Amino acid sequence: ADEAGSALLQSLVEHVEEIPSVPVMVTMLALPPSAVTGPLPFDMADVRGHAVLHKVCHSVAPSGHHTFVLYSTAEFARERADTHGSSSAAARMGAASSADKEGAVMAEMVGALREAVMAAGGPELDLAEGALSWGPKLHRWGSAFPGEGPNADKILELSDAVADDMRLLLCGDFLPLGDEAAGAGVRTGQVEASVLSAMRAADRILRVLEDRAACGERDTPAKY
């Protein structure tokens, strides 16, 4: 933002940086049909009271392979702030992370998956590394959800998250949703909030392009 020389963009960046967020560690893996000895009791599960695992998403690919996305608790992620996936964006940008720590995090989360499935009355899973058809892969989602804290009300001040001079507008689940969405029960941090925010941003861009086309302006920088 400093290099861009945009006061509006700098203000947006500073504002967003003050918004508290909740981190999550995500482990992804796939198992062949032979590694799952019976039907799983869920496709999505909220794991309550577990120190490691918060949520599990499961699906079956057309090939019959079982895919899993494991979400850690926020506290588990906070305690491992220096660990991220070796193939993640952070790693590609040069952030250092220990392969041993990465392996330990994935091992804990995969072990928690076995516990969650067994606790729900599900089958034994063969989760040995050699049995996996893909993964495990680790991703640190550093700002997964809007959080609570002294600056949480900053979310409400971003209703016009636009830097006109950079032709930039923000969208995301942390932005205000408007009275209509709030009345429908959609809250910040939800998938629905992300979708509604993106649609609102797209509508704004379309209006700008339509206005420019109506005025015959092709080379004039658009203001969002």
# chains A, B, ... in the order shown; residues from 1 in each chain; ligands from 1
>>> select_by_dssp(residues="range 3-222 of chain A", states="strand (DSSP E)", output="PyMOL selection string")
chain A and resi 21-31+44-46+53-60+66-72+134-146+162-163+168-169
>>> residues_around(residues="Thr37 in chain A", least_positions_apart="5", cutoff="9 Å", atoms="only C-alpha atoms", output="PyMOL selection string")
chain A and resi 123-126
>>> atom_distance(atom1="CA of Val60 in chain A", atom2="CA of Ser143 in chain A")
28.3 Å
>>> closest_residue(among="A:Arg114, A:Arg140, A:Lys101, A:His65", to="Ala77 in chain A", atoms="only C-alpha atoms")
A:Arg140
>>> closest_residue(among="A:Met109, A:Val117, A:Val13, A:Ala161", to="Val36 in chain A", atoms="only C-alpha atoms")
A:Val117
>>> residues_around(residues="Thr27 in chain A", least_positions_apart="5", cutoff="6 Å", atoms="only C-alpha atoms", output="ChimeraX atom specification")
/A:69-70,137-138
>>> residues_around(residues="Thr67 in chain A", least_positions_apart="5", cutoff="8 Å", atoms="only C-alpha atoms", output="list of chain:residue names")
A:Met28, A:Leu29, A:Ala30, A:Leu31, A:His58, A:Ser59, A:Val60, A:Ala61
>>> closest_residue(among="A:Ala120, A:Ala198, A:Glu79, A:Gln10", to="Leu170 in chain A", atoms="only C-alpha atoms")
A:Ala198
>>> closest_residue(among="A:Cys57, A:Ala99, A:Cys171, A:Val191", to="Leu40 in chain A", atoms="only C-alpha atoms")
A:Cys57
>>> atom_distance(atom1="CA of Pro150 in chain A", atom2="CA of Leu9 in chain A")
23.1 Å
>>> residues_around(residues="Ser197 in chain A", least_positions_apart="6", cutoff="7 Å", atoms="only C-alpha atoms", output="number ranges by chain")
A: 171-173, 177
>>> closest_residue(among="A:Ser6, A:Ser86, A:Thr73, A:Ser21", to="Phe145 in chain A", atoms="only C-alpha atoms")
A:Ser21
>>> select_by_dssp(residues="range 11-208 of chain A", states="helix (DSSP H, G or I)", output="number ranges by chain")
A: 11-17, 33-35, 74-78, 89-92, 99-119, 129-131, 152-157, 164-166, 178-183, 191-208
>>> residues_around(residues="Glu102 in chain A", least_positions_apart="3", cutoff="8 Å", atoms="only C-alpha atoms", output="ChimeraX atom specification")
/A:83-86,97-99,105-106,138
>>> closest_residue(among="A:Gly130, A:Gly216, A:Pro176, A:Gly142", to="Gln190 in chain A", atoms="only C-alpha atoms")
A:Pro176
>>> atom_distance(atom1="CA of Leu127 in chain A", atom2="CA of Ala112 in chain A")
10.9 Å
>>> residues_around(residues="Leu53 in chain A", least_positions_apart="6", cutoff="10 Å", atoms="only C-alpha atoms", output="MDAnalysis selection string")
chainID A and resid 24:26 46:47 70:74 76 108:113 115:116
